[in-house]
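I have placed the structure first, in the form of structure tokens, so that the comments after it can refer back to it.
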Amino acid sequence: MNLTLKIWRQKSPDDKGGMVTYPMKDVESHMSFLEMLDVLNNDLITKGEEPVAFDHDCREGICGTCSMVINGRPHGPDSAITTCQLHMRKFNDGDTIHIEPFRAKSFPVLKDLTVDRGAFERIMQAGGFISVNTSGNTIDANTIPIRKDHADMAFDAATCIGCGACVAACKNSSAMLFVSAKVSQLALLPQGHTERTERVLKMVHQMDAEGFGTCSNTGACAAECPKEISLDNIARLNREYLRASFVSGE
Amino acid sequence: MMNAKIPTGPLKDKWTNHKDHVNLVNPANKRNIDIIVVGTGLAGASAAASLGEMGYKVKAFCFQDSPRRAHSIAAQGGINAAKNYQNDGDSVFRLFYDTIKGGDYRSREANVYRLAEVSGDIIDQCVAQGVPFAREYGGLLDNRSFGGVQVSRTFYAKGQTGQQLLLGAYSALSRQIAKGNVAMYNRHEMLELVMIDGKARGIIARDLVTGAIERHSAHAVVLCTGGYGNAFYLSTNAMASNVSAAWKAHRNGALFANPCFTQIHPTCIPVSGEFQSKLTLMSESLRNDGRIWVPKNLEDAKAIREGKLKPKDISEENRDYYLERRYPAFGNLVPRDVASRAAKERCDAGHGVNKTGEAVYLDFAFAFERYGATEAKLRGELNPSKERIIELGREIVADKYGNLFQMYEKITDDNPYYTPMMIYPAVHYTMGGLWVDYNLMTNVQGLYACGEANFSDHGANRLGASALMQGLADGYFVLPYTIGDYLASDIRTGTIKTDQPAFDEAENNVRDRINKLMAAKGTNTVDFYHRKLGKVMWDKCGMARNESGLKEAMNEIREIREEFWRDVKIPGTADSMNPELDKAGRVADFMELGELMCLDALGRNESCGGHFREEYQTHEGEALRDDDNFAYVAAWQYTGDPGKAKLNKENLYFENVELKQRSYK
């Protein structure tokens, strides 16, 4: 199939940037979206132009590196996948495809489609852990039975890949789904209970400090999440936060 | 002859005794000691977190934009531990024995035993960190089986075990970063090792965002930089996984051990076209429930390839469940090397089932029926129809492997709940790596290697669910003890200054090489050469190797390498973000390593594990080992020319297991 690509090109963080049009010929439907961009880049390099910079690594939907908005949707038109799992069979001959970086004040563009998601790192460092030393002197793993449904819910929350599509999808650039996934995972497990008060307060505080917007419950985040992280997690975060605010006296 | 520094005494007491007698560094002194950790996958993140927590000053580096994205994240099936929660007779010794046998008797007994010994602690540690392993209804941890063993010792989190374990290690690392014990350098790549007075004292790194070349010093350098499967171009590794840090270490004197021991994983999604950039694994855990087959008759296989027949059109008696036929004791759960070779054998004989003729079926129809029948009983449904049983079965299978089935469907556009998966072997893991002694130190003083980057635990073939175990064992429980033994003599050294001549020289090397790459201004892209290299490696140093092919490969790789340096085309500049330049440096190193891999394969005149030399096989086509002549580790020393590396041997001694032909029949 033949396509027209309109891609965001931006040399550096301070560059203004803009959309550039590239015609693509003879794209095969079984190619992945990123393989299609590989072909484009190969052509650009051969012609002596700079290739399009984009983040990618595992190309199997688990590392969370790839991050682009395709035709207005983070990770493109298919559901429950990352960009690297998107295949060209989802497009038709003659289509025009707009490709942009994840856009949010807290994710500054580094180059072209590459953004800096360091804000997520700092949120995790603020409290996305259980304070247990790695000494190996812990109790036997089966000492505390955990209800299967709780373990399963914790797992579902823990499958977040930290890609940031939730932020890119949200009109407020809110990071609530990302933060709530970690808060939920650890709040649902007995091991996480000791620190639950501090954890939610610190993580939410850091989220605000990074300049992410507030949540207005439109649900765009969950709709675009490649791992289908549920909005229930945001509700749980709000409960945890409210509870923590009372308990801590803040 | 290499000295592995294996402690004396009975196998089961070695580690405990060793820990009791190594030198310690007191807490006040730890604060004055710097350690560099390169790579933040399971081994690197766990090592950096542990060392930071112990009080050392740690600098950790990763080329990804976050430590959480290291390729350990993609490990699917599980992690082994000798907990014996299933009461099926498992023990530390059995895990040790299975690993030694699975590795075709080419790994070091003492290291493997230690790995088995600390395996239980890993599970305890991860659960304490909040890793959500799969559980049974009673709330206790669930297990499943993996290839090459007859017990259920694999802990798992659906098909995302690596993700959950890495996020656990990442959370421990994040905690230490917040405390200031670890300084984290994301989007940084190590480009050179700095040696001072024969000791590893630092690295030169490039900031991949700004292009800045940086000097970092330390009292010890720990490489946790993963494997080198991308030498084959197509593999299940992430796109940027590379050998460069380990290769720089090798060029600075560290021995590279058993480079030809590569693992070809039997269950991957087959190659679909010439633009393919990587291959995707379908977890070995699927072999718990999927049955592998091809059509018995050549005409049926041909009709399937041409689209005239569907798998369901092939009757039961016309199917060849070749693993069950050849290996009745282990069936579909034979180790990876055996399963891969068997698939290649059937496809080479003309029984392949996709357009390229290089695919076999992995069929879940039986699992749907089996699970469905049980589930119907549990739900009290009397006389359920066959359709109902299959429907219930699909739900159970979805619960176990849902994400894998979804991944398969997204890639192939086929729904594996309704038609068998098609799979074929692909490069997955590398057992070879930097040579290390019992303390995980390379032959270079102060340079350590952990996880897939070292060679020590998996011999010639790694068993499923053992990579995660080794990465975390090295990082959480082995290195933190052994590194202190070395650093105890460094407590009076003080900060290593980066204005020394050794740093000047190392930085100049890096700059010269980058300039040389940028100056070529040739005609072909980096990928062009990487693909060429990969094809040679796969055809001549892949699942089957022979003397003449390996010799040809070495010549071809040299030619590709020369052409690359002369005619590669890299756009942009070196002083800014330039992913093509990053890639060029990695591919340049693969082109040297590739030749060494062939040299190693050429020198090993036997077949063992993943190394199959066509000249050395039994009349049944099984690997034919030669223990009298090859029960050693081949540790190669760099001489300036990878094709003329010098061989050093470490003889392997088996005092606790009997060397036998490996049989899974």
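Residue numbering restarts at 1 in every chain; chains get A, B, ... in the order shown in the structure tokens, and ligands count up from 1 in that same order.
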Can you work out which residues from chain B touch chain A at a cut-off of 6 Å (counting only C-alpha atoms) and hand them back as a tab-separated table (two decimals) with C-alpha atoms, in the first residue's frame?
chain	number	residue	atom	x	y	z
B	50	SER	CA	22.08	-4.12	47.23
B	69	ARG	CA	13.13	-0.95	30.55
B	121	ASP	CA	15.87	-16.72	49.12
B	124	ASP	CA	11.23	-14.82	49.70
B	125	GLN	CA	12.92	-11.54	48.78
B	127	VAL	CA	7.47	-11.62	47.75
B	129	GLN	CA	9.10	-6.57	47.83
B	132	PRO	CA	2.65	-10.40	42.67
B	135	ARG	CA	-1.27	-17.85	43.74
B	137	TYR	CA	-7.07	-20.29	45.91
B	139	GLY	CA	-3.47	-17.98	49.00
B	140	LEU	CA	-0.18	-19.85	48.64
B	171	SER	CA	11.69	-0.46	43.11
B	174	SER	CA	14.56	3.56	43.12
B	175	ARG	CA	14.57	3.51	46.90
B	178	ALA	CA	16.03	8.50	46.49
B	238	ALA	CA	15.55	-6.00	22.45
B	239	MET	CA	16.75	-3.88	19.54
B	571	PRO	CA	23.95	10.76	9.42
List every residue of stretch 295-503 of chain B that DSSP, applied to the backbone of this structure, assigns to helix (DSSP H, G or I), and report them as a count of residues only. 106
Can you pull out the residues contacting B:Arg558? Cut-off 8 Å, using only C-alpha atoms, and skip same-chain residues under 4 positions away; I want them as an NGL selection string. :B and (554 or 562 or 591 or 595)
Let's have the selection written as an mmCIF file, in the first residue's frame, with C-alpha atoms.
data_model
loop_
_atom_site.group_PDB
_atom_site.id
_atom_site.type_symbol
_atom_site.label_atom_id
_atom_site.label_comp_id
_atom_site.auth_asym_id
_atom_site.auth_seq_id
_atom_site.Cartn_x
_atom_site.Cartn_y
_atom_site.Cartn_z
ATOM 1 C CA MET B 554 35.134 -16.229 9.574
ATOM 2 C CA GLU B 562 36.257 -4.205 6.491
ATOM 3 C CA MET B 591 31.320 -7.923 13.916
ATOM 4 C CA GLU B 595 34.318 -13.989 14.344
#
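Near stretch 235-249 of chain A, within a cut-off of 7 Å and counting only C-alpha atoms, sit the residues A:Ser180, A:Val183, A:Ser184, A:Thr197, A:Val200, A:Leu201, A:Leu231, A:Asp232, with same-chain residues fewer than 3 positions away left out.
Across the structure, atom CA of B:Ile483 and atom CA of B:Leu593 are spaced 27.8 Å apart.
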All residues 9 Å or closer to A:Met19, only C-alpha atoms, same chain fewer than 6 positions away omitted, as a ChimeraX atom specification: /A:6-10,98-100
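Comparing A:Glu195, A:Asp93, A:Glu210, A:Asp15 by their smallest distance to A:Asp112, the closest is A:Asp15 (using only C-alpha atoms).
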Test item: residues at most 7 Å from B:Arg625, only C-alpha atoms, excluding those fewer than 5 positions along its chain, as number ranges by chain: B: 606-608
Once you have the residues from the selection above, write them out as an mmCIF file, in the first residue's frame, restricted to N, CA and C atoms.
data_model
loop_
_atom_site.group_PDB
_atom_site.id
_atom_site.type_symbol
_atom_site.label_atom_id
_atom_site.label_comp_id
_atom_site.auth_asym_id
_atom_site.auth_seq_id
_atom_site.Cartn_x
_atom_site.Cartn_y
_atom_site.Cartn_z
ATOM 1 N N GLU B 606 33.141 -31.237 19.177
ATOM 2 C CA GLU B 606 32.145 -32.084 19.835
ATOM 3 C C GLU B 606 30.823 -31.355 19.685
ATOM 4 N N SER B 607 29.734 -32.043 20.019
ATOM 5 C CA SER B 607 28.448 -31.359 20.108
ATOM 6 C C SER B 607 28.019 -31.386 21.557
ATOM 7 N N CYS B 608 27.555 -30.260 22.067
ATOM 8 C CA CYS B 608 27.043 -30.232 23.434
ATOM 9 C C CYS B 608 26.049 -29.095 23.543
#
Restricting to only C-alpha atoms, whichever of B:Val112, B:Val536, B:Leu166, B:Met1 is closest to B:Leu468 is B:Leu166
Write down as a PyMOL selection string the residues belonging to stretch 18-221 of chain A that are assigned strand (DSSP E or B) by DSSP computed on the backbone. chain A and resi 18-24+32+68-70+73-74+87+96-101+109-111+114-115+174+213
Pull C-alpha atoms from the residues just selected and write them as a PDB file, in the first residue's frame.
ATOM      1  CA  GLY A  18       6.856  21.136  12.931  1.00  0.00           C
ATOM      2  CA  MET A  19       5.133  18.506  10.813  1.00  0.00           C
ATOM      3  CA  VAL A  20       6.990  17.204   7.747  1.00  0.00           C
ATOM      4  CA  THR A  21       5.367  15.141   4.994  1.00  0.00           C
ATOM      5  CA  TYR A  22       6.900  11.914   3.686  1.00  0.00           C
ATOM      6  CA  PRO A  23       5.302   9.761   0.997  1.00  0.00           C
ATOM      7  CA  MET A  24       5.750   6.002   1.590  1.00  0.00           C
ATOM      8  CA  SER A  32       4.936  -3.618  12.084  1.00  0.00           C
ATOM      9  CA  MET A  68       4.159   8.061  19.881  1.00  0.00           C
ATOM     10  CA  VAL A  69       0.789   9.487  19.064  1.00  0.00           C
ATOM     11  CA  ILE A  70      -0.576   8.084  15.807  1.00  0.00           C
ATOM     12  CA  ARG A  73      -4.129   8.334  19.670  1.00  0.00           C
ATOM     13  CA  PRO A  74      -1.233   7.232  21.900  1.00  0.00           C
ATOM     14  CA  HIS A  87       0.850  -3.669  12.372  1.00  0.00           C
ATOM     15  CA  THR A  96      -2.486   9.772   5.628  1.00  0.00           C
ATOM     16  CA  ILE A  97      -0.947   9.023   9.025  1.00  0.00           C
ATOM     17  CA  HIS A  98      -0.043  11.726  11.530  1.00  0.00           C
ATOM     18  CA  ILE A  99       2.778  10.788  13.889  1.00  0.00           C
ATOM     19  CA  GLU A 100       3.622  12.949  16.893  1.00  0.00           C
ATOM     20  CA  PRO A 101       5.428  12.578  20.213  1.00  0.00           C
ATOM     21  CA  VAL A 109      10.539  16.580  23.678  1.00  0.00           C
ATOM     22  CA  LEU A 110      14.228  15.668  23.310  1.00  0.00           C
ATOM     23  CA  LYS A 111      14.241  15.126  19.561  1.00  0.00           C
ATOM     24  CA  THR A 114      11.547  11.128  21.652  1.00  0.00           C
ATOM     25  CA  VAL A 115      10.432  12.567  24.980  1.00  0.00           C
ATOM     26  CA  SER A 174      -2.679  13.790  34.390  1.00  0.00           C
ATOM     27  CA  GLY A 213      -2.529  17.947  35.630  1.00  0.00           C
TER      28      GLY A 213
END
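Nearest-residue note for A:Pro13: choosing from A:Pro226, A:Gly211, A:Pro108, A:Gly164, the minimum distance belongs to A:Pro108, counting only C-alpha atoms.
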Please indicate the distance in Å from atom CA of B:Leu333 to atom CA of B:Gly148, rounded to one decimal place. 6.2 Å
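Comparing B:Leu193, B:Tyr664, B:Lys535, B:Leu323 by their smallest distance to B:Glu274, the closest is B:Lys535 (using only C-alpha atoms).
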Quick one: pull the distance between atom CA of B:Val436 and atom CA of B:Ile196, Å, one decimal. 19.9 Å
